[in-house]
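File shown: final-v9.pdb (PDB, C-alpha atoms).
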```pdb
ATOM      1  CA  MET A   1     -20.014 -12.333  -8.392
ATOM      2  CA  SER A   2     -20.931 -10.855 -11.741
ATOM      3  CA  PHE A   3     -22.033  -7.264 -12.030
ATOM      4  CA  LYS A   4     -22.136  -4.495 -14.579
ATOM      5  CA  LYS A   5     -19.331  -1.953 -14.381
ATOM      6  CA  ILE A   6     -21.044   1.403 -14.719
ATOM      7  CA  THR A   7     -17.618   3.055 -14.797
ATOM      8  CA  GLU A   8     -16.884   1.191 -18.060
ATOM      9  CA  GLN A   9     -20.139   2.010 -19.798
ATOM     10  CA  GLU A  10     -20.066   3.913 -23.068
ATOM     11  CA  SER A  11     -19.867   7.686 -22.751
ATOM     12  CA  LYS A  12     -23.028   9.630 -23.535
ATOM     13  CA  TYR A  13     -20.892  11.677 -25.923
ATOM     14  CA  ASN A  14     -19.201  10.588 -29.138
ATOM     15  CA  HIS A  15     -16.911  11.936 -31.839
ATOM     16  CA  LEU A  16     -15.094  13.965 -29.202
ATOM     17  CA  GLU A  17     -12.240  14.674 -31.575
ATOM     18  CA  SER A  18     -14.614  16.772 -33.687
ATOM     19  CA  ARG A  19     -15.591  19.057 -30.776
ATOM     20  CA  SER A  20     -14.314  22.597 -30.349
ATOM     21  CA  THR A  21     -12.423  23.447 -27.169
ATOM     22  CA  LEU A  22     -15.484  25.258 -25.822
ATOM     23  CA  GLU A  23     -17.763  22.308 -26.531
ATOM     24  CA  LEU A  24     -15.379  19.908 -24.786
ATOM     25  CA  LEU A  25     -15.122  22.096 -21.710
ATOM     26  CA  GLU A  26     -18.864  22.719 -21.455
ATOM     27  CA  GLU A  27     -19.673  19.031 -21.783
ATOM     28  CA  ILE A  28     -17.063  17.963 -19.218
ATOM     29  CA  ASN A  29     -18.381  20.600 -16.835
ATOM     30  CA  ARG A  30     -21.946  19.434 -17.418
ATOM     31  CA  GLU A  31     -20.964  15.928 -16.381
ATOM     32  CA  ASP A  32     -18.973  17.190 -13.394
ATOM     33  CA  HIS A  33     -22.099  18.898 -12.057
ATOM     34  CA  THR A  34     -23.644  15.473 -11.439
ATOM     35  CA  VAL A  35     -20.878  14.321  -9.090
ATOM     36  CA  PRO A  36     -21.892  16.218  -5.903
ATOM     37  CA  GLN A  37     -25.411  14.839  -6.289
ATOM     38  CA  ALA A  38     -24.031  11.292  -6.359
ATOM     39  CA  VAL A  39     -21.907  12.013  -3.291
ATOM     40  CA  ALA A  40     -24.897  13.500  -1.441
ATOM     41  CA  ARG A  41     -26.720  10.196  -1.787
ATOM     42  CA  CYS A  42     -23.817   8.527   0.059
ATOM     43  CA  ILE A  43     -23.874  10.761   3.146
ATOM     44  CA  PRO A  44     -25.504   8.200   5.477
ATOM     45  CA  ASP A  45     -22.800   5.668   4.572
ATOM     46  CA  ILE A  46     -20.047   8.281   4.917
ATOM     47  CA  GLU A  47     -21.464   9.213   8.334
ATOM     48  CA  ALA A  48     -21.256   5.614   9.519
ATOM     49  CA  LEU A  49     -17.608   5.341   8.455
ATOM     50  CA  VAL A  50     -16.659   8.709   9.973
ATOM     51  CA  ASP A  51     -18.122   7.653  13.311
ATOM     52  CA  VAL A  52     -15.899   4.563  13.258
ATOM     53  CA  VAL A  53     -12.862   6.653  12.308
ATOM     54  CA  VAL A  54     -13.465   9.089  15.178
ATOM     55  CA  GLU A  55     -13.865   6.237  17.651
ATOM     56  CA  ARG A  56     -10.599   4.671  16.477
ATOM     57  CA  LEU A  57      -8.700   7.969  16.558
ATOM     58  CA  ASN A  58      -9.893   8.626  20.093
ATOM     59  CA  ASN A  59      -8.452   5.266  21.089
ATOM     60  CA  GLY A  60      -5.042   5.788  19.520
ATOM     61  CA  GLY A  61      -5.823   4.231  16.146
ATOM     62  CA  ARG A  62      -4.885   5.284  12.637
ATOM     63  CA  VAL A  63      -6.567   5.574   9.246
ATOM     64  CA  PHE A  64      -5.111   3.839   6.211
ATOM     65  CA  TYR A  65      -6.143   4.663   2.658
ATOM     66  CA  ILE A  66      -5.128   1.954   0.199
ATOM     67  CA  GLY A  67      -5.589   2.052  -3.561
ATOM     68  CA  ALA A  68      -4.035   1.806  -6.990
ATOM     69  CA  GLY A  69      -3.535   4.362  -9.759
ATOM     70  CA  THR A  70      -5.663   7.490  -9.461
ATOM     71  CA  SER A  71      -7.458   6.136  -6.397
ATOM     72  CA  GLY A  72      -4.199   5.451  -4.586
ATOM     73  CA  ARG A  73      -2.820   8.890  -5.443
ATOM     74  CA  LEU A  74      -5.963  10.593  -4.140
ATOM     75  CA  GLY A  75      -5.627   8.748  -0.844
ATOM     76  CA  ILE A  76      -2.008   9.828  -0.518
ATOM     77  CA  VAL A  77      -2.948  13.449  -1.220
ATOM     78  CA  ASP A  78      -5.644  13.458   1.458
ATOM     79  CA  ALA A  79      -3.466  11.729   4.044
ATOM     80  CA  SER A  80      -0.486  13.994   3.398
ATOM     81  CA  GLU A  81      -2.566  17.135   3.902
ATOM     82  CA  CYS A  82      -3.866  16.166   7.354
ATOM     83  CA  PRO A  83      -0.699  16.986   9.356
ATOM     84  CA  PRO A  84      -0.183  20.528   7.980
ATOM     85  CA  THR A  85      -3.893  21.367   8.088
ATOM     86  CA  PHE A  86      -4.816  19.876  11.449
ATOM     87  CA  GLY A  87      -1.462  19.443  13.207
ATOM     88  CA  VAL A  88      -1.933  15.692  13.653
ATOM     89  CA  PRO A  89       0.979  13.216  13.623
ATOM     90  CA  GLU A  90       2.195  12.132  10.200
ATOM     91  CA  ASP A  91       1.275   8.534  10.937
ATOM     92  CA  MET A  92      -2.355   9.198  11.900
ATOM     93  CA  PHE A  93      -3.567   9.154   8.268
ATOM     94  CA  ILE A  94      -1.462   6.996   5.937
ATOM     95  CA  GLY A  95      -1.892   6.591   2.183
ATOM     96  CA  LEU A  96      -0.641   3.468   0.411
ATOM     97  CA  ILE A  97      -0.526   2.873  -3.334
ATOM     98  CA  ALA A  98       0.048  -0.312  -5.329
ATOM     99  CA  GLY A  99       3.632  -0.237  -6.584
ATOM    100  CA  GLY A 100       4.901   1.918  -3.718
ATOM    101  CA  ASP A 101       6.058   5.513  -3.786
ATOM    102  CA  ARG A 102       7.352   5.160  -7.357
ATOM    103  CA  ALA A 103       3.736   4.678  -8.480
ATOM    104  CA  ILE A 104       2.757   8.129  -7.222
ATOM    105  CA  ARG A 105       4.319   9.694 -10.311
ATOM    106  CA  LYS A 106       4.496   6.834 -12.782
ATOM    107  CA  ALA A 107       2.343   3.777 -13.409
ATOM    108  CA  VAL A 108       3.874   0.532 -12.152
ATOM    109  CA  GLU A 109       2.740  -2.265 -14.455
ATOM    110  CA  PHE A 110       0.526  -4.959 -12.936
ATOM    111  CA  ALA A 111       1.143  -3.759  -9.352
ATOM    112  CA  GLU A 112      -2.599  -3.558  -8.725
ATOM    113  CA  ASP A 113      -3.100  -7.176  -9.780
ATOM    114  CA  ASN A 114      -1.234  -8.668  -6.802
ATOM    115  CA  ARG A 115      -3.943  -9.744  -4.355
ATOM    116  CA  ASN A 116      -1.538 -10.360  -1.469
ATOM    117  CA  GLN A 117       0.649  -7.262  -1.687
ATOM    118  CA  GLY A 118      -1.877  -4.831  -0.215
ATOM    119  CA  PHE A 119      -2.014  -6.497   3.183
ATOM    120  CA  GLU A 120       1.754  -7.057   3.107
ATOM    121  CA  ASP A 121       2.171  -3.299   2.639
ATOM    122  CA  LEU A 122      -0.163  -2.666   5.581
ATOM    123  CA  THR A 123       1.753  -5.032   7.847
ATOM    124  CA  THR A 124       4.909  -2.949   7.406
ATOM    125  CA  TYR A 125       3.007  -0.347   9.469
ATOM    126  CA  ASP A 126       1.901  -2.932  12.046
ATOM    127  CA  VAL A 127      -1.750  -2.460  11.151
ATOM    128  CA  ASN A 128      -3.944  -3.711  13.977
ATOM    129  CA  GLN A 129      -7.462  -3.740  15.410
ATOM    130  CA  LYS A 130      -7.169  -0.158  16.648
ATOM    131  CA  ASP A 131      -6.965   1.049  13.033
ATOM    132  CA  VAL A 132      -9.361   1.607  10.130
ATOM    133  CA  VAL A 133      -8.446   0.601   6.576
ATOM    134  CA  ILE A 134     -10.317   2.289   3.714
ATOM    135  CA  GLY A 135      -9.962   0.775   0.268
ATOM    136  CA  LEU A 136     -10.160   3.060  -2.757
ATOM    137  CA  ALA A 137     -11.149   1.563  -6.108
ATOM    138  CA  ALA A 138     -13.418   3.285  -8.606
ATOM    139  CA  SER A 139     -13.987  -0.010 -10.422
ATOM    140  CA  GLY A 140     -14.433  -1.947  -7.189
ATOM    141  CA  THR A 141     -12.418  -4.824  -8.633
ATOM    142  CA  THR A 142      -8.771  -3.986  -7.880
ATOM    143  CA  PRO A 143      -7.134  -7.178  -6.505
ATOM    144  CA  TYR A 144      -4.492  -5.250  -4.512
ATOM    145  CA  VAL A 145      -7.243  -3.460  -2.584
ATOM    146  CA  ILE A 146      -9.725  -6.326  -2.324
ATOM    147  CA  GLY A 147      -7.075  -8.682  -0.962
ATOM    148  CA  ALA A 148      -6.022  -6.128   1.627
ATOM    149  CA  LEU A 149      -9.586  -5.541   2.863
ATOM    150  CA  GLU A 150     -10.363  -9.232   2.954
ATOM    151  CA  ALA A 151      -7.262  -9.908   5.069
ATOM    152  CA  CYS A 152      -8.146  -7.005   7.362
ATOM    153  CA  GLN A 153     -11.616  -8.386   7.943
ATOM    154  CA  LYS A 154     -10.159 -11.765   8.865
ATOM    155  CA  ALA A 155      -7.836  -9.992  11.305
ATOM    156  CA  GLY A 156     -10.723  -8.106  12.935
ATOM    157  CA  ILE A 157      -9.670  -4.711  11.557
ATOM    158  CA  SER A 158     -12.443  -2.229  10.683
ATOM    159  CA  THR A 159     -12.741  -1.550   6.964
ATOM    160  CA  GLY A 160     -14.454   0.805   4.555
ATOM    161  CA  CYS A 161     -14.284   1.459   0.843
ATOM    162  CA  ILE A 162     -15.006   4.137  -1.727
ATOM    163  CA  THR A 163     -16.085   2.868  -5.124
ATOM    164  CA  CYS A 164     -18.290   3.956  -8.009
ATOM    165  CA  ASN A 165     -19.763   0.588  -8.999
ATOM    166  CA  PRO A 166     -22.699  -0.771  -6.988
ATOM    167  CA  GLY A 167     -22.474  -4.486  -6.343
ATOM    168  CA  SER A 168     -18.750  -4.589  -7.041
ATOM    169  CA  PRO A 169     -16.544  -7.161  -5.265
ATOM    170  CA  ILE A 170     -14.954  -4.547  -2.981
ATOM    171  CA  THR A 171     -18.316  -3.894  -1.320
ATOM    172  CA  GLU A 172     -18.434  -7.546  -0.224
ATOM    173  CA  VAL A 173     -15.156  -7.408   1.723
ATOM    174  CA  CYS A 174     -15.593  -4.303   3.865
ATOM    175  CA  ASP A 175     -17.740  -3.229   6.788
ATOM    176  CA  HIS A 176     -18.659   0.228   5.512
ATOM    177  CA  PRO A 177     -18.967   0.455   1.706
ATOM    178  CA  ILE A 178     -19.481   3.872   0.143
ATOM    179  CA  VAL A 179     -20.730   3.730  -3.444
ATOM    180  CA  ALA A 180     -20.836   6.984  -5.406
ATOM    181  CA  GLU A 181     -22.684   6.059  -8.573
ATOM    182  CA  VAL A 182     -21.537   8.795 -10.947
ATOM    183  CA  GLY A 183     -22.379   6.971 -14.181
ATOM    184  CA  SER A 184     -20.330   6.713 -17.344
ATOM    185  CA  GLU A 185     -17.298   8.919 -17.852
ATOM    186  CA  TYR A 186     -16.988  11.631 -20.498
ATOM    187  CA  VAL A 187     -14.107   9.676 -22.021
ATOM    188  CA  THR A 188     -15.284   6.077 -21.783
ATOM    189  CA  GLY A 189     -13.654   4.307 -18.834
ATOM    190  CA  SER A 190     -11.506   7.264 -17.739
ATOM    191  CA  THR A 191     -12.191   7.044 -14.010
ATOM    192  CA  ARG A 192      -9.697   9.812 -13.265
ATOM    193  CA  MET A 193     -12.586  12.118 -14.193
ATOM    194  CA  LYS A 194     -15.979  11.923 -12.438
ATOM    195  CA  SER A 195     -15.085   8.867 -10.367
ATOM    196  CA  GLY A 196     -11.866  10.488  -9.191
ATOM    197  CA  THR A 197     -13.697  13.693  -8.354
ATOM    198  CA  ALA A 198     -16.239  11.775  -6.295
ATOM    199  CA  GLN A 199     -13.499   9.956  -4.407
ATOM    200  CA  LYS A 200     -11.720  13.227  -3.694
ATOM    201  CA  LEU A 201     -14.903  14.830  -2.350
ATOM    202  CA  ILE A 202     -15.597  11.847  -0.090
ATOM    203  CA  LEU A 203     -12.013  11.735   1.184
ATOM    204  CA  ASN A 204     -12.276  15.436   2.036
ATOM    205  CA  MET A 205     -15.450  14.708   3.964
ATOM    206  CA  ILE A 206     -13.992  11.749   5.867
ATOM    207  CA  SER A 207     -10.773  13.419   6.995
ATOM    208  CA  THR A 208     -12.262  16.855   7.657
ATOM    209  CA  ALA A 209     -15.341  15.680   9.550
ATOM    210  CA  SER A 210     -13.281  13.157  11.521
ATOM    211  CA  LEU A 211     -10.653  15.662  12.583
ATOM    212  CA  ILE A 212     -13.245  18.303  13.482
ATOM    213  CA  ARG A 213     -14.920  15.672  15.686
ATOM    214  CA  PHE A 214     -11.454  14.790  17.018
ATOM    215  CA  GLY A 215     -11.124  18.351  18.265
ATOM    216  CA  ARG A 216      -8.743  19.837  15.713
ATOM    217  CA  VAL A 217     -10.874  22.868  14.799
ATOM    218  CA  VAL A 218     -12.055  25.718  17.037
ATOM    219  CA  GLY A 219     -15.027  27.624  15.654
ATOM    220  CA  ASN A 220     -14.177  27.285  11.994
ATOM    221  CA  ARG A 221     -10.425  27.836  12.329
ATOM    222  CA  MET A 222      -7.434  25.559  11.815
ATOM    223  CA  VAL A 223      -5.919  26.274  15.211
ATOM    224  CA  ASP A 224      -3.501  23.338  15.022
ATOM    225  CA  MET A 225      -2.125  23.984  11.529
ATOM    226  CA  GLN A 226       1.628  23.661  11.087
ATOM    227  CA  LEU A 227       3.236  27.073  10.599
ATOM    228  CA  SER A 228       5.322  25.931   7.652
ATOM    229  CA  ASN A 229       5.247  29.010   5.413
ATOM    230  CA  ASN A 230       4.571  32.750   5.460
ATOM    231  CA  LYS A 231       0.950  32.328   4.360
ATOM    232  CA  LEU A 232       0.195  30.116   7.362
ATOM    233  CA  TRP A 233       1.986  32.447   9.780
ATOM    234  CA  GLU A 234      -0.154  35.291   8.428
ATOM    235  CA  ARG A 235      -3.298  33.188   8.794
ATOM    236  CA  GLY A 236      -2.383  32.316  12.371
ATOM    237  CA  GLN A 237      -1.661  35.958  13.129
ATOM    238  CA  ARG A 238      -5.045  36.958  11.705
ATOM    239  CA  ILE A 239      -6.928  34.293  13.699
ATOM    240  CA  ILE A 240      -5.336  35.397  16.955
ATOM    241  CA  SER A 241      -5.895  39.071  16.229
ATOM    242  CA  GLU A 242      -9.577  38.505  15.446
ATOM    243  CA  GLN A 243     -10.237  36.061  18.284
ATOM    244  CA  LEU A 244      -8.545  38.122  20.983
ATOM    245  CA  GLY A 245      -9.314  41.589  19.659
ATOM    246  CA  ILE A 246      -5.654  42.628  19.593
ATOM    247  CA  SER A 247      -3.432  44.207  16.974
ATOM    248  CA  PRO A 248      -1.749  42.064  14.294
ATOM    249  CA  GLU A 249       1.604  43.006  15.803
ATOM    250  CA  GLN A 250       0.595  41.777  19.243
ATOM    251  CA  ALA A 251      -0.844  38.626  17.700
ATOM    252  CA  LEU A 252       2.413  37.886  15.910
ATOM    253  CA  GLU A 253       4.423  38.278  19.105
ATOM    254  CA  LEU A 254       2.134  35.840  20.899
ATOM    255  CA  LEU A 255       2.354  33.374  18.012
ATOM    256  CA  LYS A 256       6.147  33.528  18.073
ATOM    257  CA  LYS A 257       6.136  32.996  21.806
ATOM    258  CA  HIS A 258       3.760  30.033  21.955
ATOM    259  CA  GLY A 259       4.372  28.401  18.555
ATOM    260  CA  SER A 260       0.786  27.615  17.578
ATOM    261  CA  VAL A 261      -2.600  29.278  17.369
ATOM    262  CA  ARG A 262      -4.117  26.812  19.824
ATOM    263  CA  ALA A 263      -1.355  27.411  22.366
ATOM    264  CA  VAL A 264      -1.952  31.161  22.170
ATOM    265  CA  LEU A 265      -5.718  30.784  22.616
ATOM    266  CA  ASN A 266      -5.329  28.286  25.446
ATOM    267  CA  ASN A 267      -2.863  30.498  27.277
ATOM    268  CA  THR A 268      -5.020  33.608  27.043
ATOM    269  CA  GLY A 269      -8.203  31.828  28.143
ATOM    270  CA  ASN A 270     -10.191  34.427  26.233
ATOM    271  CA  HIS A 271     -11.522  32.727  23.141
ATOM    272  CA  GLU A 272     -14.969  31.431  22.377
TER     273      GLU A 272
END
```
What do you get writing this file as structure tokens?
Amino acid sequence: MSFKKITEQESKYNHLESRSTLELLEEINREDHTVPQAVARCIPDIEALVDVVVERLNNGGRVFYIGAGTSGRLGIVDASECPPTFGVPEDMFIGLIAGGDRAIRKAVEFAEDNRNQGFEDLTTYDVNQKDVVIGLAASGTTPYVIGALEACQKAGISTGCITCNPGSPITEVCDHPIVAEVGSEYVTGSTRMKSGTAQKLILNMISTASLIRFGRVVGNRMVDMQLSNNKLWERGQRIISEQLGISPEQALELLKKHGSVRAVLNNTGNHE
């Protein structure tokens, strides 16, 4: 299928090397302002994918993000932040990147061009029909991701994707395509910019909305967060103090006793 890669179109700006620092920053920011508008147009498609994710989570399934380069790194970031934020198991959201963990910090040449490796990487986690696999590819043409989604579809595994090119091949091999059409990049073809920002915003929406629906937020508070540093202990202490109308000192004692904000609130039976 032939299509026009919007993400590779010529930038609206030229002679960037002649710009002042202020001009560069103002122009980049001007372009960045268009990204949330592009994401807003995708909300119905994001909603459909979130509903599938919630259904799978409620039935013991997992969410896999799979991508290459910037896209793969963004998926890993989102997946890795779910356990400390929402207290979910580390294997509930899993991020995979072409080239493996080494590619998180350094590009692995041609890793994204292997059409079979993506599904092979998924099978090491025993991916199955309980799970959801979400492919991340700004271009929509990454063989590593396309091959993985295609194999998942054949295996009856639910799939989604986040891309920035309408009509791209990735949209043909997944059940729930999300296309954030952000237009050309400030630096021609540099999809780490607006395209990456759009993917990050959508990933935030998918994981956050899904885990709120999954019951991991009370009111607007992260009651299941992992108490892994002083800042989070202080946040937990503050939540308990405010929710129960007790002193910070009393809240801290309860938090030490029960080990989590949710456990404290459940054991008092006095929260909204």
Work out where the centre of an axis-aligned box around every listed atom of segment 36-50 of chain A lies and how long its edges are once 8 Å is added on each side; give both in Å to one decimal as lines of an AutoDock Vina configuration file.
```
center_x = -21.7
center_y = 10.8
center_z = 1.8
size_x = 26.1
size_y = 26.9
size_z = 32.3
```
Can you list, as an mmCIF file with C-alpha atoms, in the coordinates of the input, the residues that the PyMOL selection byres ((chain A and resi 201-218) around 7) selects here?
```cif
data_model
loop_
_atom_site.group_PDB
_atom_site.id
_atom_site.type_symbol
_atom_site.label_atom_id
_atom_site.label_comp_id
_atom_site.auth_asym_id
_atom_site.auth_seq_id
_atom_site.Cartn_x
_atom_site.Cartn_y
_atom_site.Cartn_z
ATOM 1 C CA VAL A 50 -16.659 8.709 9.973
ATOM 2 C CA VAL A 53 -12.862 6.653 12.308
ATOM 3 C CA VAL A 54 -13.465 9.089 15.178
ATOM 4 C CA ASP A 78 -5.644 13.458 1.458
ATOM 5 C CA PHE A 86 -4.816 19.876 11.449
ATOM 6 C CA THR A 197 -13.697 13.693 -8.354
ATOM 7 C CA ALA A 198 -16.239 11.775 -6.295
ATOM 8 C CA GLN A 199 -13.499 9.956 -4.407
ATOM 9 C CA LYS A 200 -11.720 13.227 -3.694
ATOM 10 C CA GLY A 219 -15.027 27.624 15.654
ATOM 11 C CA ASN A 220 -14.177 27.285 11.994
ATOM 12 C CA ARG A 221 -10.425 27.836 12.329
ATOM 13 C CA MET A 222 -7.434 25.559 11.815
ATOM 14 C CA VAL A 223 -5.919 26.274 15.211
ATOM 15 C CA ASP A 224 -3.501 23.338 15.022
#
```
For Tyr13 of chain A, find every residue with an atom within 12 Å (counting all atoms listed in the file), except residues of its own chain fewer than 4 positions away, and show them as a list in words.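 With the cut-off at 12 Å, the set is Gln9, Glu17, Ser18, Arg19, Glu23, Leu24, Glu27, Ile28, Arg30, Glu31, Ser184, Glu185, Tyr186, Val187 and Thr188 of chain A.
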Can those selected residues be exported to a file as a PDB file, in the coordinates of the input so that it contains C-alpha atoms?
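Everything below was put into result.pdb:
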```
ATOM      1  CA  GLN A   9     -20.139   2.010 -19.798  1.00  0.00           C
ATOM      2  CA  GLU A  17     -12.240  14.674 -31.575  1.00  0.00           C
ATOM      3  CA  SER A  18     -14.614  16.772 -33.687  1.00  0.00           C
ATOM      4  CA  ARG A  19     -15.591  19.057 -30.776  1.00  0.00           C
ATOM      5  CA  GLU A  23     -17.763  22.308 -26.531  1.00  0.00           C
ATOM      6  CA  LEU A  24     -15.379  19.908 -24.786  1.00  0.00           C
ATOM      7  CA  GLU A  27     -19.673  19.031 -21.783  1.00  0.00           C
ATOM      8  CA  ILE A  28     -17.063  17.963 -19.218  1.00  0.00           C
ATOM      9  CA  ARG A  30     -21.946  19.434 -17.418  1.00  0.00           C
ATOM     10  CA  GLU A  31     -20.964  15.928 -16.381  1.00  0.00           C
ATOM     11  CA  SER A 184     -20.330   6.713 -17.344  1.00  0.00           C
ATOM     12  CA  GLU A 185     -17.298   8.919 -17.852  1.00  0.00           C
ATOM     13  CA  TYR A 186     -16.988  11.631 -20.498  1.00  0.00           C
ATOM     14  CA  VAL A 187     -14.107   9.676 -22.021  1.00  0.00           C
ATOM     15  CA  THR A 188     -15.284   6.077 -21.783  1.00  0.00           C
TER      16      THR A 188
END
```
Expected selection from the PyMOL selection byres ((chain A and resi 33-43) around 7), given as a ChimeraX atom specification: /A:29-32,44-47,178-182,194,198
Among the residues A:Leu57, A:Ile94, A:Ile66, A:Ala148, the one that comes closest to Ala79 of chain A [using only C-alpha atoms]: A:Ile94
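Nearest-residue note for Ile134 of chain A: choosing from A:Asp91, A:Glu242, A:Asp121, A:Asp175, the minimum distance belongs to A:Asp175, counting only C-alpha atoms.
Every protein, DNA or RNA residue with an atom at most 10 Å from Ala155 of chain A, where all atoms listed in the file count and chain neighbours fewer than 6 positions away do not, is listed here: A:Val127, A:Asn128, A:Gln129, A:Leu149.
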